[in-house]
Amino acid sequence: MHVAVLGAGVAGVTTAYYLAESGHRVTVIERASAVAMATSHANGGQLSYSYTDSLANPEFLPKIPSLLLGLDPAIRVRIIRNFSMFPWGLRFLTQCTRARARENTLAVLKIALRSATLMEELRRKTPLDFAHKEVGKLVLLATSNDVRTAEATSSLKREYGCETQVLAPDDAIGKEPALAFMRQDFAGAMYAEHDHVGDALAFTRSLSDWLRTNRPVRFHFDRKILGLDVQKSRFLGVKTPVGSIRADAAVVCLGPWSEPLLTPYGVRSNLYPVRGYSVTLPPGRYAPTVSITNLRNRIVYSQFDNKIRIAGFADFAGFDESRDAQRISLMCEIAKRAAPDAADYTVQDIQPWGGFRPVTPTGQPNVGATGIAGLFVNTGHGSLGWTVACATAEAAASAVTHSE
Ligand SMILES: Cc1cc2nc3c(=O)[nH]c(=O)nc-3n(C[C@H](O)[C@H](O)[C@H](O)COP(=O)(O)OP(=O)(O)OC[C@H]3O[C@@H](n4cnc5c(N)ncnc54)[C@H](O)[C@@H]3O)c2cc1C
């Protein structure tokens, strides 16, 4: 089949790979001038195979009033003129039960563990260069209640083949001595030995370069997708400013922009764009090697390619970018206060970046067929898009192949 892949982020490029491996001819269509120019560009750099815990959970509910009042600096919620948030928010609230949180955490864990296996396989088969390091991850837990919840989740995950340990603060410092120089108390930490770090942009670029020379995959850049050619509930082609690109099937990998493209065709993807930020700095005197997620501040620190990537925050304000400079500066200030020696915060060029996570109410990605014959989706990867990319791409390619 000739398959069009819509979007050249990490989801689109990995989808192109698995489609090509299944014997299809692929055309990737992207509005930017290169791959990974949107949300896959400068994310936290974590391959977080073990930490798939659902954002929607019962502990989230009591935090809502303080979030709406703007009391948590890491989360900005803009209610006024943000109508699309209401239906999404109501669906999100229905997921905040113990049973749903467990179901969603395990569903994403299953995908992440499959992705870990596929990433190993991909690295063996292709000479990808993306500063990949098998360094493990520590999630800092703020309160003793967080520690108890992490212990319960950890034993649940163990039943599904995922090994994580909940450590006392001193044992966490034993794993990552740089934690001793952080200026923030923590009640414990969840340690995932098999989580990795790397550069998602370099991964996506490297894979697309390899595809271009080794597989029947073409990339059309600077082509904004205007719509789809759909007749009698059958996909026929993709409309661009320079004409229609006809294909036997298409996989929509447009991240949060999938929703506006698909809605006119009656396909609901339930995505909300949740903005987050990053800066990339030289390592400081006590830079962590193990990647760190600080749950209290919602900030991650990852070291790869002799740089420290600091990423985080979650803004529910639609596709608004007007506050980026302010939010990035606040994130840096908080990151520095918590870990003053992790990075050199004095450099001029902090490489500021913002991206829109494509988040579903359940936290589970949308992968597979739609109600339109020949039209498939691979979106909604939320905070774990690189982590789950290989498994969701494999599933999307398999759905296309089995529709033949
Ligand atoms: C601050 C932050 C930190 C993160 N940290 C991590 C992490 O540590 N680990 C992890 O696994 N994940 C992380 N994520 C999440 C991850 O980055 C995303 O889930 C992932 O990048 C989504 O990939 P995507 O390909 O679906 O979307 P994108 O990368 O956004 O790709 C969509 C593509 O579609 C293109 N497009 C959109 N509309 C059109 C159109 N009309 N025509 C043509 N092209 C179009 C865009 O230009 C873009 O290239 C983080 C996200 C953020 C914001």
# chains A, B, ... in the order shown; residues from 1 in each chain; ligands from 1

$ residues_around --residues "Cys253 in chain A" --least-positions-apart "5" --cutoff "8 Å" --atoms "only C-alpha atoms" --output "PyMOL selection string"
chain A and resi 5-9+11-12+258+377-379

$ write_last_selection --atoms "N, CA and C atoms" --output "mmCIF file, in the first residue's frame"
data_model
loop_
_atom_site.group_PDB
_atom_site.id
_atom_site.type_symbol
_atom_site.label_atom_id
_atom_site.label_comp_id
_atom_site.auth_asym_id
_atom_site.auth_seq_id
_atom_site.Cartn_x
_atom_site.Cartn_y
_atom_site.Cartn_z
ATOM 1 N N VAL A 5 1.664 9.426 5.969
ATOM 2 C CA VAL A 5 1.786 9.679 7.408
ATOM 3 C C VAL A 5 1.703 11.179 7.585
ATOM 4 N N LEU A 6 0.768 11.630 8.388
ATOM 5 C CA LEU A 6 0.527 13.071 8.552
ATOM 6 C C LEU A 6 1.228 13.549 9.820
ATOM 7 N N GLY A 7 2.314 14.313 9.641
ATOM 8 C CA GLY A 7 3.068 14.831 10.781
ATOM 9 C C GLY A 7 4.393 14.108 10.931
ATOM 10 N N ALA A 8 5.467 14.896 11.124
ATOM 11 C CA ALA A 8 6.809 14.304 11.239
ATOM 12 C C ALA A 8 7.420 14.568 12.610
ATOM 13 N N GLY A 9 6.600 14.379 13.665
ATOM 14 C CA GLY A 9 7.143 14.344 15.018
ATOM 15 C C GLY A 9 7.620 12.918 15.285
ATOM 16 N N ALA A 11 6.086 10.569 16.715
ATOM 17 C CA ALA A 11 5.035 9.591 16.418
ATOM 18 C C ALA A 11 4.987 9.301 14.918
ATOM 19 N N GLY A 12 5.053 10.357 14.095
ATOM 20 C CA GLY A 12 4.974 10.176 12.644
ATOM 21 C C GLY A 12 6.169 9.411 12.098
ATOM 22 N N SER A 258 -4.156 17.062 15.722
ATOM 23 C CA SER A 258 -4.985 16.012 15.096
ATOM 24 C C SER A 258 -6.458 16.347 15.286
ATOM 25 N N VAL A 377 -5.301 6.619 13.189
ATOM 26 C CA VAL A 377 -4.694 7.660 14.029
ATOM 27 C C VAL A 377 -3.591 7.057 14.896
ATOM 28 N N ASN A 378 -2.645 7.906 15.248
ATOM 29 C CA ASN A 378 -1.628 7.560 16.247
ATOM 30 C C ASN A 378 -1.294 8.867 16.971
ATOM 31 N N THR A 379 -2.121 9.187 17.951
ATOM 32 C CA THR A 379 -1.984 10.477 18.642
ATOM 33 C C THR A 379 -2.256 10.309 20.141
#

$ residues_near_ligand --ligand "ligand 1" --cutoff "6 Å" --atoms "only C-alpha atoms and all ligand atoms" --output "PyMOL selection string"
chain A and resi 7-12+30-32+36-40+43-47+223-226+253-255+257+275-278+311-312+355-357+379+381-387

$ write_last_selection --atoms "N, CA and C atoms" --output "short mmCIF file (atom, residue, chain, number, x, y, z; two decimals), in the first residue's frame"
data_model
loop_
_atom_site.label_atom_id
_atom_site.label_comp_id
_atom_site.auth_asym_id
_atom_site.auth_seq_id
_atom_site.Cartn_x
_atom_site.Cartn_y
_atom_site.Cartn_z
N GLY A 7 2.31 14.31 9.64
CA GLY A 7 3.07 14.83 10.78
C GLY A 7 4.39 14.11 10.93
N ALA A 8 5.47 14.90 11.12
CA ALA A 8 6.81 14.30 11.24
C ALA A 8 7.42 14.57 12.61
N GLY A 9 6.60 14.38 13.66
CA GLY A 9 7.14 14.34 15.02
C GLY A 9 7.62 12.92 15.28
N VAL A 10 7.92 12.64 16.56
CA VAL A 10 8.43 11.30 16.86
C VAL A 10 7.37 10.23 16.55
N ALA A 11 6.09 10.57 16.72
CA ALA A 11 5.04 9.59 16.42
C ALA A 11 4.99 9.30 14.92
N GLY A 12 5.05 10.36 14.10
CA GLY A 12 4.97 10.18 12.64
C GLY A 12 6.17 9.41 12.10
N GLU A 30 4.51 17.10 6.24
CA GLU A 30 4.79 17.91 7.43
C GLU A 30 4.79 19.39 7.05
N ARG A 31 4.19 20.23 7.91
CA ARG A 31 4.14 21.66 7.59
C ARG A 31 5.47 22.37 7.89
N ALA A 32 6.26 21.85 8.83
CA ALA A 32 7.54 22.49 9.16
C ALA A 32 8.59 22.11 8.11
N ALA A 36 10.51 16.81 13.72
CA ALA A 36 10.56 17.13 15.16
C ALA A 36 10.75 18.61 15.46
N MET A 37 9.98 19.45 14.80
CA MET A 37 10.08 20.89 15.07
C MET A 37 9.01 21.34 16.08
N ALA A 38 8.09 20.45 16.46
CA ALA A 38 7.05 20.85 17.42
C ALA A 38 7.30 20.18 18.78
N THR A 39 6.38 19.36 19.25
CA THR A 39 6.48 18.85 20.64
C THR A 39 7.63 17.86 20.83
N SER A 40 8.10 17.26 19.75
CA SER A 40 9.19 16.28 19.89
C SER A 40 10.56 16.95 19.90
N ASN A 43 12.04 17.90 24.43
CA ASN A 43 11.29 17.44 25.61
C ASN A 43 12.25 17.02 26.72
N GLY A 44 11.70 16.39 27.77
CA GLY A 44 12.51 16.07 28.95
C GLY A 44 13.62 15.06 28.71
N GLY A 45 13.59 14.38 27.57
CA GLY A 45 14.68 13.44 27.25
C GLY A 45 14.62 12.13 28.02
N GLN A 46 13.49 11.88 28.67
CA GLN A 46 13.40 10.63 29.45
C GLN A 46 12.68 9.53 28.66
N LEU A 47 13.29 8.37 28.64
CA LEU A 47 12.57 7.18 28.17
C LEU A 47 12.07 6.52 29.46
N ARG A 223 4.66 21.54 3.86
CA ARG A 223 3.34 21.26 3.27
C ARG A 223 2.31 21.24 4.38
N LYS A 224 1.61 22.32 4.52
CA LYS A 224 0.56 22.35 5.54
C LYS A 224 -0.63 21.51 5.06
N ILE A 225 -1.08 20.62 5.88
CA ILE A 225 -2.25 19.80 5.52
C ILE A 225 -3.50 20.63 5.76
N LEU A 226 -4.29 20.81 4.69
CA LEU A 226 -5.48 21.67 4.79
C LEU A 226 -6.73 20.86 5.12
N CYS A 253 -0.77 11.66 12.61
CA CYS A 253 0.19 11.75 13.73
C CYS A 253 0.48 13.23 13.97
N LEU A 254 -0.56 14.03 14.09
CA LEU A 254 -0.37 15.48 14.19
C LEU A 254 -0.36 15.97 15.63
N GLY A 255 -0.12 15.07 16.57
CA GLY A 255 -0.10 15.49 17.97
C GLY A 255 -1.40 16.20 18.30
N TRP A 257 -2.66 18.77 17.15
CA TRP A 257 -3.33 19.35 15.99
C TRP A 257 -4.17 18.30 15.24
N ARG A 275 0.60 22.69 27.59
CA ARG A 275 1.91 23.26 27.26
C ARG A 275 2.93 23.03 28.38
N GLY A 276 4.14 22.69 27.96
CA GLY A 276 5.26 22.55 28.90
C GLY A 276 6.48 23.19 28.27
N TYR A 277 7.55 23.30 29.04
CA TYR A 277 8.71 24.09 28.61
C TYR A 277 10.00 23.35 28.92
N SER A 278 11.08 23.79 28.26
CA SER A 278 12.40 23.27 28.65
C SER A 278 13.47 24.31 28.39
N ALA A 311 13.07 20.34 32.18
CA ALA A 311 11.78 20.47 31.49
C ALA A 311 10.64 20.29 32.47
N GLY A 312 9.49 20.84 32.11
CA GLY A 312 8.34 20.62 32.97
C GLY A 312 7.24 21.64 32.82
N GLY A 355 6.38 23.28 24.21
CA GLY A 355 5.70 22.29 23.37
C GLY A 355 4.33 21.97 23.93
N PHE A 356 3.44 21.51 23.04
CA PHE A 356 2.07 21.16 23.45
C PHE A 356 1.94 19.64 23.55
N ARG A 357 1.82 19.12 24.77
CA ARG A 357 1.61 17.67 24.91
C ARG A 357 0.20 17.34 24.43
N THR A 379 -2.12 9.19 17.95
CA THR A 379 -1.98 10.48 18.64
C THR A 379 -2.26 10.31 20.14
N HIS A 381 -0.28 11.00 22.91
CA HIS A 381 0.75 10.35 23.73
C HIS A 381 1.10 11.12 25.00
N GLY A 382 0.50 12.29 25.16
CA GLY A 382 0.66 13.05 26.41
C GLY A 382 2.10 13.33 26.78
N SER A 383 2.44 13.01 28.05
CA SER A 383 3.77 13.31 28.58
C SER A 383 4.79 12.23 28.25
N LEU A 384 4.36 11.21 27.51
CA LEU A 384 5.25 10.06 27.31
C LEU A 384 5.42 9.70 25.83
N GLY A 385 5.32 10.73 24.97
CA GLY A 385 5.29 10.45 23.53
C GLY A 385 6.51 9.74 22.98
N TRP A 386 7.68 10.09 23.48
CA TRP A 386 8.88 9.41 22.97
C TRP A 386 8.97 8.01 23.58
N THR A 387 8.64 7.93 24.87
CA THR A 387 8.71 6.65 25.59
C THR A 387 7.86 5.57 24.90
#

$ atom_distance --atom1 "CA of Ala131 in chain A" --atom2 "CA of Asp53 in chain A"
25.8 Å

$ closest_residue --among "A:Gly380, A:Pro62, A:Gly188, A:Pro169" --to "Ala150 in chain A" --atoms "only C-alpha atoms"
A:Gly188

$ residues_around --residues "His132 in chain A" --least-positions-apart "6" --cutoff "12 Å" --atoms "only C-alpha atoms" --output "MDAnalysis selection string"
chainID A and resid 45:47 119:120 123 195:203 302:306

$ decode --residues "range 272-320 of chain A" --atoms "N, CA and C atoms" --output "mmCIF file, in the first residue's frame"
data_model
loop_
_atom_site.group_PDB
_atom_site.id
_atom_site.type_symbol
_atom_site.label_atom_id
_atom_site.label_comp_id
_atom_site.auth_asym_id
_atom_site.auth_seq_id
_atom_site.Cartn_x
_atom_site.Cartn_y
_atom_site.Cartn_z
ATOM 1 N N TYR A 272 -6.300 17.401 24.435
ATOM 2 C CA TYR A 272 -6.143 18.772 24.906
ATOM 3 C C TYR A 272 -4.646 19.110 24.855
ATOM 4 N N PRO A 273 -4.293 20.316 24.329
ATOM 5 C CA PRO A 273 -2.868 20.678 24.261
ATOM 6 C C PRO A 273 -2.383 21.209 25.612
ATOM 7 N N VAL A 274 -1.543 20.477 26.278
ATOM 8 C CA VAL A 274 -1.032 20.897 27.592
ATOM 9 C C VAL A 274 0.414 21.375 27.413
ATOM 10 N N ARG A 275 0.597 22.690 27.588
ATOM 11 C CA ARG A 275 1.912 23.263 27.264
ATOM 12 C C ARG A 275 2.929 23.032 28.378
ATOM 13 N N GLY A 276 4.143 22.689 27.963
ATOM 14 C CA GLY A 276 5.261 22.552 28.897
ATOM 15 C C GLY A 276 6.481 23.194 28.274
ATOM 16 N N TYR A 277 7.547 23.297 29.040
ATOM 17 C CA TYR A 277 8.709 24.085 28.613
ATOM 18 C C TYR A 277 10.004 23.351 28.919
ATOM 19 N N SER A 278 11.082 23.788 28.255
ATOM 20 C CA SER A 278 12.397 23.271 28.648
ATOM 21 C C SER A 278 13.472 24.308 28.393
ATOM 22 N N VAL A 279 14.595 24.109 29.090
ATOM 23 C CA VAL A 279 15.817 24.854 28.791
ATOM 24 C C VAL A 279 16.934 23.814 28.750
ATOM 25 N N THR A 280 18.008 24.145 28.039
ATOM 26 C CA THR A 280 19.128 23.211 27.923
ATOM 27 C C THR A 280 20.397 23.956 28.305
ATOM 28 N N LEU A 281 21.064 23.475 29.350
ATOM 29 C CA LEU A 281 22.168 24.231 29.957
ATOM 30 C C LEU A 281 23.419 23.366 30.091
ATOM 31 N N PRO A 282 24.572 24.001 30.260
ATOM 32 C CA PRO A 282 25.764 23.209 30.584
ATOM 33 C C PRO A 282 25.599 22.600 31.981
ATOM 34 N N PRO A 283 26.173 21.415 32.203
ATOM 35 C CA PRO A 283 26.043 20.815 33.537
ATOM 36 C C PRO A 283 26.728 21.666 34.589
ATOM 37 N N GLY A 284 26.168 21.652 35.812
ATOM 38 C CA GLY A 284 26.779 22.376 36.928
ATOM 39 C C GLY A 284 27.760 21.481 37.673
ATOM 40 N N ARG A 285 28.225 21.976 38.847
ATOM 41 C CA ARG A 285 29.221 21.233 39.644
ATOM 42 C C ARG A 285 28.702 19.876 40.087
ATOM 43 N N TYR A 286 27.419 19.834 40.437
ATOM 44 C CA TYR A 286 26.819 18.584 40.914
ATOM 45 C C TYR A 286 25.605 18.258 40.048
ATOM 46 N N ALA A 287 25.891 17.943 38.816
ATOM 47 C CA ALA A 287 24.812 17.620 37.874
ATOM 48 C C ALA A 287 24.427 16.158 38.030
ATOM 49 N N PRO A 288 23.134 15.860 38.121
ATOM 50 C CA PRO A 288 22.754 14.454 38.241
ATOM 51 C C PRO A 288 23.019 13.679 36.952
ATOM 52 N N THR A 289 23.435 12.430 37.116
ATOM 53 C CA THR A 289 23.607 11.546 35.959
ATOM 54 C C THR A 289 22.330 10.730 35.765
ATOM 55 N N VAL A 290 21.811 10.248 36.901
ATOM 56 C CA VAL A 290 20.513 9.559 36.864
ATOM 57 C C VAL A 290 19.477 10.636 36.562
ATOM 58 N N SER A 291 18.482 10.353 35.718
ATOM 59 C CA SER A 291 17.516 11.422 35.447
ATOM 60 C C SER A 291 16.564 11.554 36.642
ATOM 61 N N ILE A 292 16.197 12.807 36.919
ATOM 62 C CA ILE A 292 15.426 13.107 38.131
ATOM 63 C C ILE A 292 14.086 13.720 37.739
ATOM 64 N N THR A 293 13.021 13.209 38.337
ATOM 65 C CA THR A 293 11.719 13.873 38.218
ATOM 66 C C THR A 293 11.343 14.371 39.606
ATOM 67 N N ASN A 294 11.178 15.679 39.723
ATOM 68 C CA ASN A 294 10.802 16.256 41.008
ATOM 69 C C ASN A 294 9.293 16.511 40.976
ATOM 70 N N LEU A 295 8.541 15.620 41.613
ATOM 71 C CA LEU A 295 7.072 15.692 41.519
ATOM 72 C C LEU A 295 6.506 16.954 42.137
ATOM 73 N N ARG A 296 7.169 17.439 43.204
ATOM 74 C CA ARG A 296 6.653 18.628 43.888
ATOM 75 C C ARG A 296 6.635 19.831 42.937
ATOM 76 N N ASN A 297 7.712 19.979 42.168
ATOM 77 C CA ASN A 297 7.829 21.131 41.262
ATOM 78 C C ASN A 297 7.372 20.829 39.840
ATOM 79 N N ARG A 298 7.130 19.560 39.559
ATOM 80 C CA ARG A 298 6.803 19.109 38.199
ATOM 81 C C ARG A 298 7.903 19.498 37.220
ATOM 82 N N ILE A 299 9.154 19.218 37.626
ATOM 83 C CA ILE A 299 10.311 19.546 36.785
ATOM 84 C C ILE A 299 11.204 18.316 36.687
ATOM 85 N N VAL A 300 11.730 18.047 35.485
ATOM 86 C CA VAL A 300 12.673 16.937 35.319
ATOM 87 C C VAL A 300 14.050 17.481 34.948
ATOM 88 N N TYR A 301 15.087 16.734 35.347
ATOM 89 C CA TYR A 301 16.474 17.062 35.007
ATOM 90 C C TYR A 301 17.056 15.818 34.322
ATOM 91 N N SER A 302 17.511 15.965 33.085
ATOM 92 C CA SER A 302 18.141 14.823 32.398
ATOM 93 C C SER A 302 19.475 15.268 31.832
ATOM 94 N N GLN A 303 20.482 14.420 31.987
ATOM 95 C CA GLN A 303 21.781 14.768 31.419
ATOM 96 C C GLN A 303 22.080 13.862 30.234
ATOM 97 N N PHE A 304 22.296 14.476 29.069
ATOM 98 C CA PHE A 304 22.746 13.711 27.894
ATOM 99 C C PHE A 304 23.538 14.643 27.002
ATOM 100 N N ASP A 305 24.443 14.076 26.251
ATOM 101 C CA ASP A 305 25.231 14.858 25.313
ATOM 102 C C ASP A 305 25.958 16.022 26.019
ATOM 103 N N ASN A 306 26.386 15.772 27.253
ATOM 104 C CA ASN A 306 27.080 16.785 28.047
ATOM 105 C C ASN A 306 26.262 18.077 28.244
ATOM 106 N N LYS A 307 24.944 17.903 28.363
ATOM 107 C CA LYS A 307 24.047 19.040 28.616
ATOM 108 C C LYS A 307 23.047 18.607 29.685
ATOM 109 N N ILE A 308 22.463 19.602 30.354
ATOM 110 C CA ILE A 308 21.367 19.285 31.274
ATOM 111 C C ILE A 308 20.086 19.839 30.667
ATOM 112 N N ARG A 309 19.144 18.961 30.441
ATOM 113 C CA ARG A 309 17.819 19.393 29.982
ATOM 114 C C ARG A 309 16.914 19.501 31.210
ATOM 115 N N ILE A 310 16.355 20.683 31.402
ATOM 116 C CA ILE A 310 15.403 20.900 32.500
ATOM 117 C C ILE A 310 14.049 21.165 31.849
ATOM 118 N N ALA A 311 13.073 20.344 32.176
ATOM 119 C CA ALA A 311 11.779 20.469 31.489
ATOM 120 C C ALA A 311 10.643 20.293 32.471
ATOM 121 N N GLY A 312 9.491 20.845 32.112
ATOM 122 C CA GLY A 312 8.336 20.620 32.973
ATOM 123 C C GLY A 312 7.241 21.644 32.816
ATOM 124 N N PHE A 313 6.421 21.773 33.853
ATOM 125 C CA PHE A 313 5.235 22.615 33.938
ATOM 126 C C PHE A 313 4.102 22.039 33.056
ATOM 127 N N ALA A 314 2.889 22.432 33.378
ATOM 128 C CA ALA A 314 1.735 21.938 32.624
ATOM 129 C C ALA A 314 0.705 23.053 32.576
ATOM 130 N N ASP A 315 0.552 23.666 31.411
ATOM 131 C CA ASP A 315 -0.375 24.792 31.277
ATOM 132 C C ASP A 315 -1.593 24.398 30.444
ATOM 133 N N PHE A 316 -2.762 24.586 31.045
ATOM 134 C CA PHE A 316 -4.023 24.270 30.374
ATOM 135 C C PHE A 316 -4.614 25.590 29.887
ATOM 136 N N ALA A 317 -4.146 26.062 28.747
ATOM 137 C CA ALA A 317 -4.575 27.372 28.262
ATOM 138 C C ALA A 317 -4.757 27.341 26.749
ATOM 139 N N GLY A 318 -5.168 26.192 26.216
ATOM 140 C CA GLY A 318 -5.328 26.055 24.772
ATOM 141 C C GLY A 318 -3.983 26.189 24.073
ATOM 142 N N PHE A 319 -4.023 26.686 22.818
ATOM 143 C CA PHE A 319 -2.773 26.813 22.043
ATOM 144 C C PHE A 319 -2.122 28.184 22.293
ATOM 145 N N ASP A 320 -2.159 28.641 23.530
ATOM 146 C CA ASP A 320 -1.642 29.963 23.869
ATOM 147 C C ASP A 320 -0.123 29.904 24.108
#
